[in-house]
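To be precise, the following lines are my_file.csv, and they hold CSV, C-alpha atoms.
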chain,number,residue,atom,x,y,z
A,142,MET,CA,0.0,0.0,0.0
A,143,LYS,CA,2.8,2.3,0.9
A,144,ASN,CA,4.5,1.6,-2.5
A,145,PHE,CA,1.2,2.4,-4.2
A,146,PHE,CA,0.8,5.8,-2.6
A,147,ARG,CA,4.5,6.5,-3.2
A,148,ARG,CA,4.1,5.7,-6.9
A,149,THR,CA,0.9,7.8,-7.2
A,150,LEU,CA,2.6,10.8,-5.5
A,151,LEU,CA,5.6,10.5,-7.8
A,152,LEU,CA,3.4,10.3,-10.9
A,153,GLY,CA,1.4,13.3,-9.8
A,154,LEU,CA,4.7,15.3,-9.2
A,155,MET,CA,6.0,14.3,-12.6
A,156,LEU,CA,2.8,15.5,-14.3
A,157,THR,CA,2.9,18.8,-12.4
A,158,LEU,CA,6.4,19.4,-13.5
A,159,ALA,CA,5.6,18.5,-17.1
A,160,ILE,CA,2.8,21.0,-17.5
A,161,PRO,CA,4.9,24.2,-17.5
A,162,ALA,CA,7.3,22.6,-19.9
A,163,VAL,CA,4.4,21.9,-22.4
A,164,GLN,CA,3.1,25.5,-22.0
A,165,ALA,CA,6.6,26.9,-22.5
A,166,ALA,CA,6.9,24.9,-25.7
A,167,LYS,CA,3.8,26.6,-27.2
A,168,LYS,CA,5.1,30.1,-26.6
A,169,PRO,CA,6.3,31.5,-30.0
A,170,ARG,CA,9.9,32.5,-30.3
A,171,LYS,CA,10.7,36.0,-31.4
A,172,SER,CA,12.7,35.9,-34.6
A,173,LYS,CA,16.1,37.4,-34.7
A,174,LYS,CA,15.6,38.5,-38.3
A,175,ASP,CA,13.3,41.0,-40.0
A,176,GLU,CA,12.2,41.9,-43.5
A,177,LEU,CA,13.9,45.1,-44.8
A,178,VAL,CA,11.8,46.7,-47.5
A,179,THR,CA,13.5,48.9,-50.1
A,180,ILE,CA,11.5,51.2,-52.3
A,181,SER,CA,13.7,52.4,-55.2
A,182,THR,CA,12.8,55.6,-57.2
A,183,SER,CA,14.6,57.9,-59.6
A,184,LEU,CA,15.2,60.2,-56.6
A,185,GLY,CA,16.7,57.6,-54.4
A,186,ASP,CA,15.9,54.7,-52.1
A,187,ILE,CA,13.5,54.5,-49.1
A,188,ARG,CA,14.0,51.7,-46.6
A,189,LEU,CA,11.4,50.7,-44.1
A,190,VAL,CA,10.5,48.0,-41.7
A,191,LEU,CA,7.0,46.6,-41.0
A,192,PHE,CA,5.4,46.1,-37.6
A,193,GLU,CA,4.7,42.7,-36.1
A,194,LEU,CA,1.8,44.4,-34.2
A,195,THR,CA,-0.1,44.7,-37.5
A,196,PRO,CA,0.3,41.1,-38.9
A,197,VAL,CA,-2.3,41.3,-41.6
A,198,HIS,CA,-1.0,44.4,-43.2
A,199,ARG,CA,2.6,43.3,-42.8
A,200,ALA,CA,2.0,39.9,-44.5
A,201,ASN,CA,-0.1,41.5,-47.2
A,202,PHE,CA,2.5,44.1,-48.1
A,203,LEU,CA,5.4,41.6,-48.1
A,204,LYS,CA,3.4,39.3,-50.3
A,205,LEU,CA,2.7,42.0,-52.9
A,206,ALA,CA,6.3,43.3,-52.7
A,207,ARG,CA,7.8,39.9,-53.3
A,208,SER,CA,5.5,39.2,-56.2
A,209,GLY,CA,6.5,42.3,-58.0
A,210,PHE,CA,3.1,43.9,-57.7
A,211,TYR,CA,4.4,47.3,-56.8
A,212,ASP,CA,7.1,47.5,-59.5
A,213,GLY,CA,6.1,50.1,-62.0
A,214,THR,CA,3.4,51.8,-59.8
A,215,THR,CA,4.0,55.4,-58.9
A,216,PHE,CA,3.6,57.8,-56.1
A,217,HIS,CA,0.5,59.3,-57.6
A,218,ARG,CA,-0.5,61.8,-54.8
A,219,VAL,CA,2.0,64.0,-53.0
A,220,ILE,CA,1.4,66.9,-50.7
A,221,LEU,CA,4.3,68.9,-49.2
A,222,ASN,CA,4.3,69.0,-45.4
A,223,PHE,CA,1.8,66.1,-45.3
A,224,MET,CA,2.5,62.8,-47.1
A,225,ILE,CA,3.2,60.9,-50.3
A,226,GLN,CA,0.9,58.1,-51.5
A,227,GLY,CA,1.4,55.3,-53.9
A,228,GLY,CA,0.8,51.6,-54.7
A,229,ASP,CA,-2.3,51.8,-56.9
A,230,PRO,CA,-2.1,49.4,-59.8
A,231,ASN,CA,-4.0,51.9,-62.0
A,232,SER,CA,-0.9,54.1,-61.9
A,233,LYS,CA,0.8,51.6,-64.3
A,234,ASP,CA,-1.5,52.5,-67.2
A,235,ALA,CA,-1.4,55.5,-69.5
A,236,ASP,CA,-4.5,57.1,-67.9
A,237,PRO,CA,-3.5,59.5,-65.1
A,238,THR,CA,-7.1,60.3,-64.2
A,239,ASN,CA,-7.8,56.9,-62.6
A,240,ASP,CA,-4.8,56.9,-60.3
A,241,GLY,CA,-5.8,56.4,-56.7
A,242,GLN,CA,-9.2,54.9,-57.6
A,243,GLY,CA,-7.9,51.3,-57.2
A,244,SER,CA,-9.3,48.3,-59.1
A,245,ALA,CA,-13.0,47.6,-59.1
A,246,ASP,CA,-12.6,44.2,-57.5
A,247,GLU,CA,-9.9,45.2,-55.0
A,248,GLN,CA,-10.1,43.5,-51.6
A,249,THR,CA,-9.8,45.4,-48.4
A,250,LEU,CA,-8.0,44.5,-45.1
A,251,PRO,CA,-9.5,44.7,-41.6
A,252,ALA,CA,-8.3,47.7,-39.6
A,253,GLU,CA,-5.4,47.1,-37.3
A,254,ILE,CA,-5.3,50.5,-35.6
A,255,ARG,CA,-3.2,50.5,-32.5
A,256,PRO,CA,-2.8,53.6,-30.2
A,257,GLU,CA,1.0,53.0,-29.8
A,258,LEU,CA,1.5,53.2,-33.6
A,259,THR,CA,1.2,56.8,-34.4
A,260,HIS,CA,1.6,59.1,-37.5
A,261,ARG,CA,5.1,60.3,-36.7
A,262,ARG,CA,7.5,61.4,-39.5
A,263,GLY,CA,8.2,58.5,-41.7
A,264,ALA,CA,5.3,56.4,-40.6
A,265,VAL,CA,3.9,54.0,-43.2
A,266,ALA,CA,0.1,53.7,-43.2
A,267,ALA,CA,-2.6,52.1,-45.3
A,268,ALA,CA,-4.9,54.3,-47.4
A,269,ARG,CA,-8.6,53.7,-47.3
A,270,SER,CA,-12.0,55.0,-48.4
A,271,ALA,CA,-13.9,57.6,-46.3
A,272,ASP,CA,-15.8,56.7,-43.1
A,273,PHE,CA,-19.3,57.3,-44.7
A,274,VAL,CA,-18.7,54.3,-47.0
A,275,ASN,CA,-16.3,52.5,-44.8
A,276,PRO,CA,-17.3,52.8,-41.1
A,277,GLU,CA,-15.1,49.9,-40.2
A,278,ARG,CA,-12.0,51.8,-41.5
A,279,ARG,CA,-10.9,48.9,-43.6
A,280,SER,CA,-7.7,49.5,-45.5
A,281,SER,CA,-6.8,49.4,-49.2
A,282,ALA,CA,-5.1,46.1,-50.0
A,283,SER,CA,-2.3,47.9,-51.9
A,284,GLN,CA,-2.3,51.7,-51.5
A,285,PHE,CA,-0.1,53.2,-48.8
A,286,TYR,CA,1.3,56.5,-47.7
A,287,ILE,CA,4.4,57.8,-46.0
A,288,VAL,CA,4.2,60.7,-43.6
A,289,GLN,CA,6.4,63.5,-44.8
A,290,ASN,CA,5.6,66.3,-42.4
A,291,PRO,CA,8.6,66.9,-40.0
A,292,THR,CA,6.3,67.0,-37.0
A,293,GLY,CA,4.1,64.1,-38.1
A,294,THR,CA,0.3,64.1,-38.8
A,295,PRO,CA,-1.2,63.4,-35.4
A,296,HIS,CA,-4.7,64.3,-36.5
A,297,LEU,CA,-4.8,61.0,-38.4
A,298,ASN,CA,-4.0,58.9,-35.3
A,299,GLY,CA,-6.7,56.4,-34.6
A,300,GLN,CA,-8.2,56.7,-38.1
A,301,TYR,CA,-5.8,54.8,-40.3
A,302,THR,CA,-3.7,51.7,-39.8
A,303,VAL,CA,0.0,52.5,-39.3
A,304,PHE,CA,2.0,49.4,-40.2
A,305,GLY,CA,5.6,50.4,-40.8
A,306,GLN,CA,8.3,53.0,-40.4
A,307,VAL,CA,10.9,54.5,-42.7
A,308,ILE,CA,14.4,53.9,-41.2
A,309,SER,CA,16.5,55.3,-44.1
A,310,GLY,CA,15.8,57.7,-47.0
A,311,GLN,CA,13.4,60.1,-45.4
A,312,GLU,CA,15.2,62.8,-47.4
A,313,VAL,CA,14.0,61.0,-50.5
A,314,VAL,CA,10.4,61.2,-49.2
A,315,ASP,CA,11.0,65.0,-48.8
A,316,LYS,CA,12.2,65.2,-52.4
A,317,ILE,CA,9.2,63.4,-53.7
A,318,ALA,CA,6.8,65.6,-51.7
A,319,GLN,CA,8.5,68.7,-53.3
A,320,GLN,CA,7.8,67.7,-56.9
A,321,PRO,CA,5.5,70.0,-59.0
A,322,THR,CA,2.0,68.6,-59.1
A,323,GLY,CA,-1.1,69.0,-61.2
A,324,GLN,CA,-4.7,67.9,-60.7
A,325,ALA,CA,-5.4,65.7,-57.7
A,326,ASN,CA,-1.9,66.4,-56.3
A,327,ARG,CA,-0.5,64.1,-59.0
A,328,PRO,CA,3.2,64.8,-59.8
A,329,LEU,CA,3.7,66.1,-63.3
A,330,THR,CA,6.5,63.6,-63.8
A,331,ASP,CA,5.8,59.9,-63.0
A,332,LEU,CA,7.6,58.8,-59.9
A,333,LYS,CA,7.8,55.0,-60.5
A,334,MET,CA,8.9,52.6,-57.8
A,335,THR,CA,10.4,49.1,-57.6
A,336,VAL,CA,10.1,47.3,-54.3
A,337,LYS,CA,12.3,44.5,-53.0
A,338,VAL,CA,12.4,42.6,-49.7
A,339,GLU,CA,15.5,41.3,-47.9
A,340,LYS,CA,15.7,39.2,-44.7
A,341,LEU,CA,18.4,40.5,-42.4
A,342,LYS,CA,19.4,40.1,-38.8
A,343,LYS,CA,17.7,42.6,-36.5
A,344,LYS,CA,21.1,43.5,-35.1
A,345,LYS,CA,22.4,44.3,-38.6
A,346,ILE,CA,19.4,46.5,-39.3
A,347,ALA,CA,19.8,48.3,-35.9
A,348,LYS,CA,23.5,48.9,-36.5
A,349,GLY,CA,23.2,49.9,-40.1
A,350,PHE,CA,20.2,52.2,-39.8
A,351,GLY,CA,20.0,53.2,-36.2
A,352,TYR,CA,16.6,51.6,-35.7
A,353,GLN,CA,15.8,50.4,-32.3
A,354,TYR,CA,13.5,47.3,-31.9

Just dump the structure as structure tokens.
Amino acid sequence: MKNFFRRTLLLGLMLTLAIPAVQAAKKPRKSKKDELVTISTSLGDIRLVLFELTPVHRANFLKLARSGFYDGTTFHRVILNFMIQGGDPNSKDADPTNDGQGSADEQTLPAEIRPELTHRRGAVAAARSADFVNPERRSSASQFYIVQNPTGTPHLNGQYTVFGQVISGQEVVDKIAQQPTGQANRPLTDLKMTVKVEKLKKKKIAKGFGYQY
């Protein structure tokens, strides 16, 4: 009988010790690498990182970038002391009047608006349609903008999904914002982009670009 109780107690102790180990195994590990995005234009390169706090927008942007979707699109709307906007597939065609309208069958993404991700200088955010037709503030699946204003655009906080940050080439954003524009704030000269993605160690990104994770 004593041996029975001893074995039962030992088994219970082993199970108790095993539970934390199982729970710990389920906890996801933080990656030591990140995806560095480079947007190349005739005025220079813009490098940015995308936030893990906005996983849907991050995954969507990386997928489009890797597929070549953005190559040949333009920054079709630029406003000095505000932002530059691009990523519309319509901007690849010869009709400048449809830039910014998006494709008729374009899908949208659920909002991932987080209070800690604000519209500071260099913030990368998703464009979207207005509240009266889009009360859920769902994002365009492709169009994005980069905050150019030196003091940010805090009046947009809580209204649009911020999902990334420029870590190099903000001066290129400034140059783009300074371009002469015509109707609908469209640059008179096409500012086409190509976008590539490179996986690098976070330590290398931090050291090379002064970005703190």

- request: Record the distance separating atom CA of A:Gln319 and atom CA of A:Phe216, expressed in Å with one decimal.
  value: 12.3 Å

- prompt: Can you list, as a VMD selection string, every protein, DNA or RNA residue that comes within 10 Å of stretch 241-252 of chain A when you count all atoms listed in the file, leaving out same-chain residues fewer than 2 positions away?
  reply: chain A and resid 195 197 to 198 201 216 to 218 226 to 232 237 to 239 254 to 255 267 to 270 277 to 284 300 to 303 325 327

For A:Gly349: contacts at 12 Å, only C-alpha atoms, fewer than 3 positions along chain excluded, given as an NGL selection string: :A and (177 or 188 or 308-309 or 341-346 or 352-353)

query: Skipping near chain neighbours, those fewer than 3 positions away, what residues fall within 9 Å of A:Val307 using only C-alpha atoms, listed as a ChimeraX atom specification?
result: /A:187-191,262-265,287,310-311

Resulting file, chosen residues, C-alpha atoms, as a tab-separated table (two decimals), in the frame of the given file:
chain	number	residue	atom	x	y	z
A	187	ILE	CA	13.50	54.50	-49.10
A	188	ARG	CA	14.00	51.70	-46.60
A	189	LEU	CA	11.40	50.70	-44.10
A	190	VAL	CA	10.50	48.00	-41.70
A	191	LEU	CA	7.00	46.60	-41.00
A	262	ARG	CA	7.50	61.40	-39.50
A	263	GLY	CA	8.20	58.50	-41.70
A	264	ALA	CA	5.30	56.40	-40.60
A	265	VAL	CA	3.90	54.00	-43.20
A	287	ILE	CA	4.40	57.80	-46.00
A	310	GLY	CA	15.80	57.70	-47.00
A	311	GLN	CA	13.40	60.10	-45.40

Shortest interatomic distance to A:Asn326 - which of A:Gly351, A:His296, A:Phe223, A:Arg261, counting all atoms listed in the file: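 Smallest separation from A:Asn326 among the options: A:Phe223.
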
May I ask you to restore all heavy atoms in stretch 294-305 of chain A and write the result as a short mmCIF file (atom, residue, chain, number, x, y, z; two decimals), in the frame of the given file?
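Heads up, here's the output in selection.cif:
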data_model
loop_
_atom_site.label_atom_id
_atom_site.label_comp_id
_atom_site.auth_asym_id
_atom_site.auth_seq_id
_atom_site.Cartn_x
_atom_site.Cartn_y
_atom_site.Cartn_z
N THR A 294 1.73 63.74 -38.49
CA THR A 294 0.30 64.10 -38.80
C THR A 294 -0.56 63.50 -37.71
O THR A 294 -1.35 62.59 -37.99
CB THR A 294 -0.09 63.64 -40.18
OG1 THR A 294 0.11 62.23 -40.27
CG2 THR A 294 0.71 64.34 -41.25
N PRO A 295 -0.48 63.98 -36.46
CA PRO A 295 -1.20 63.40 -35.40
C PRO A 295 -2.72 63.39 -35.49
O PRO A 295 -3.41 62.60 -34.85
CB PRO A 295 -0.73 64.18 -34.14
CG PRO A 295 -0.25 65.48 -34.70
CD PRO A 295 0.34 65.14 -36.03
N HIS A 296 -3.25 64.28 -36.34
CA HIS A 296 -4.70 64.30 -36.50
C HIS A 296 -5.24 63.07 -37.18
O HIS A 296 -6.45 62.82 -37.16
CB HIS A 296 -5.10 65.57 -37.33
CG HIS A 296 -4.55 65.61 -38.71
ND1 HIS A 296 -3.23 65.91 -38.98
CD2 HIS A 296 -5.13 65.37 -39.92
CE1 HIS A 296 -3.02 65.87 -40.29
NE2 HIS A 296 -4.16 65.54 -40.87
N LEU A 297 -4.34 62.25 -37.76
CA LEU A 297 -4.80 61.00 -38.40
C LEU A 297 -4.69 59.80 -37.43
O LEU A 297 -5.13 58.71 -37.79
CB LEU A 297 -3.90 60.71 -39.62
CG LEU A 297 -3.96 61.73 -40.76
CD1 LEU A 297 -3.07 61.28 -41.91
CD2 LEU A 297 -5.39 61.91 -41.24
N ASN A 298 -4.13 60.01 -36.26
CA ASN A 298 -4.00 58.90 -35.30
C ASN A 298 -5.38 58.34 -34.96
O ASN A 298 -6.35 59.07 -34.75
CB ASN A 298 -3.34 59.39 -34.01
CG ASN A 298 -1.86 59.69 -34.21
OD1 ASN A 298 -1.26 59.27 -35.19
ND2 ASN A 298 -1.28 60.44 -33.28
N GLY A 299 -5.46 57.01 -34.92
CA GLY A 299 -6.70 56.40 -34.60
C GLY A 299 -7.69 56.23 -35.73
O GLY A 299 -8.78 55.68 -35.57
N GLN A 300 -7.31 56.74 -36.92
CA GLN A 300 -8.20 56.70 -38.10
C GLN A 300 -7.72 55.80 -39.19
O GLN A 300 -8.52 55.29 -39.98
CB GLN A 300 -8.41 58.12 -38.61
CG GLN A 300 -9.00 59.10 -37.60
CD GLN A 300 -9.23 60.46 -38.21
OE1 GLN A 300 -9.89 60.60 -39.24
NE2 GLN A 300 -8.68 61.49 -37.59
N TYR A 301 -6.41 55.63 -39.28
CA TYR A 301 -5.80 54.80 -40.30
C TYR A 301 -4.82 53.84 -39.68
O TYR A 301 -4.24 54.13 -38.63
CB TYR A 301 -5.06 55.68 -41.34
CG TYR A 301 -5.94 56.61 -42.13
CD1 TYR A 301 -6.39 57.81 -41.57
CD2 TYR A 301 -6.33 56.30 -43.43
CE1 TYR A 301 -7.20 58.68 -42.28
CE2 TYR A 301 -7.13 57.17 -44.16
CZ TYR A 301 -7.57 58.36 -43.57
OH TYR A 301 -8.38 59.21 -44.28
N THR A 302 -4.62 52.70 -40.33
CA THR A 302 -3.70 51.70 -39.80
C THR A 302 -2.26 52.05 -40.16
O THR A 302 -1.89 52.07 -41.34
CB THR A 302 -4.02 50.30 -40.37
OG1 THR A 302 -5.33 49.89 -39.93
CG2 THR A 302 -2.99 49.27 -39.89
N VAL A 303 -1.45 52.34 -39.15
CA VAL A 303 0.00 52.50 -39.30
C VAL A 303 0.63 51.16 -39.19
O VAL A 303 0.43 50.47 -38.19
CB VAL A 303 0.55 53.49 -38.26
CG1 VAL A 303 2.08 53.57 -38.35
CG2 VAL A 303 -0.07 54.88 -38.41
N PHE A 304 1.41 50.75 -40.20
CA PHE A 304 2.00 49.40 -40.20
C PHE A 304 3.45 49.31 -40.43
O PHE A 304 4.02 48.21 -40.53
CB PHE A 304 1.20 48.47 -41.12
CG PHE A 304 1.34 48.80 -42.58
CD1 PHE A 304 2.30 48.18 -43.37
CD2 PHE A 304 0.51 49.74 -43.18
CE1 PHE A 304 2.42 48.47 -44.72
CE2 PHE A 304 0.62 50.05 -44.52
CZ PHE A 304 1.58 49.41 -45.29
N GLY A 305 4.13 50.46 -40.53
CA GLY A 305 5.60 50.40 -40.80
C GLY A 305 6.21 51.76 -40.48
O GLY A 305 5.54 52.74 -40.11
#
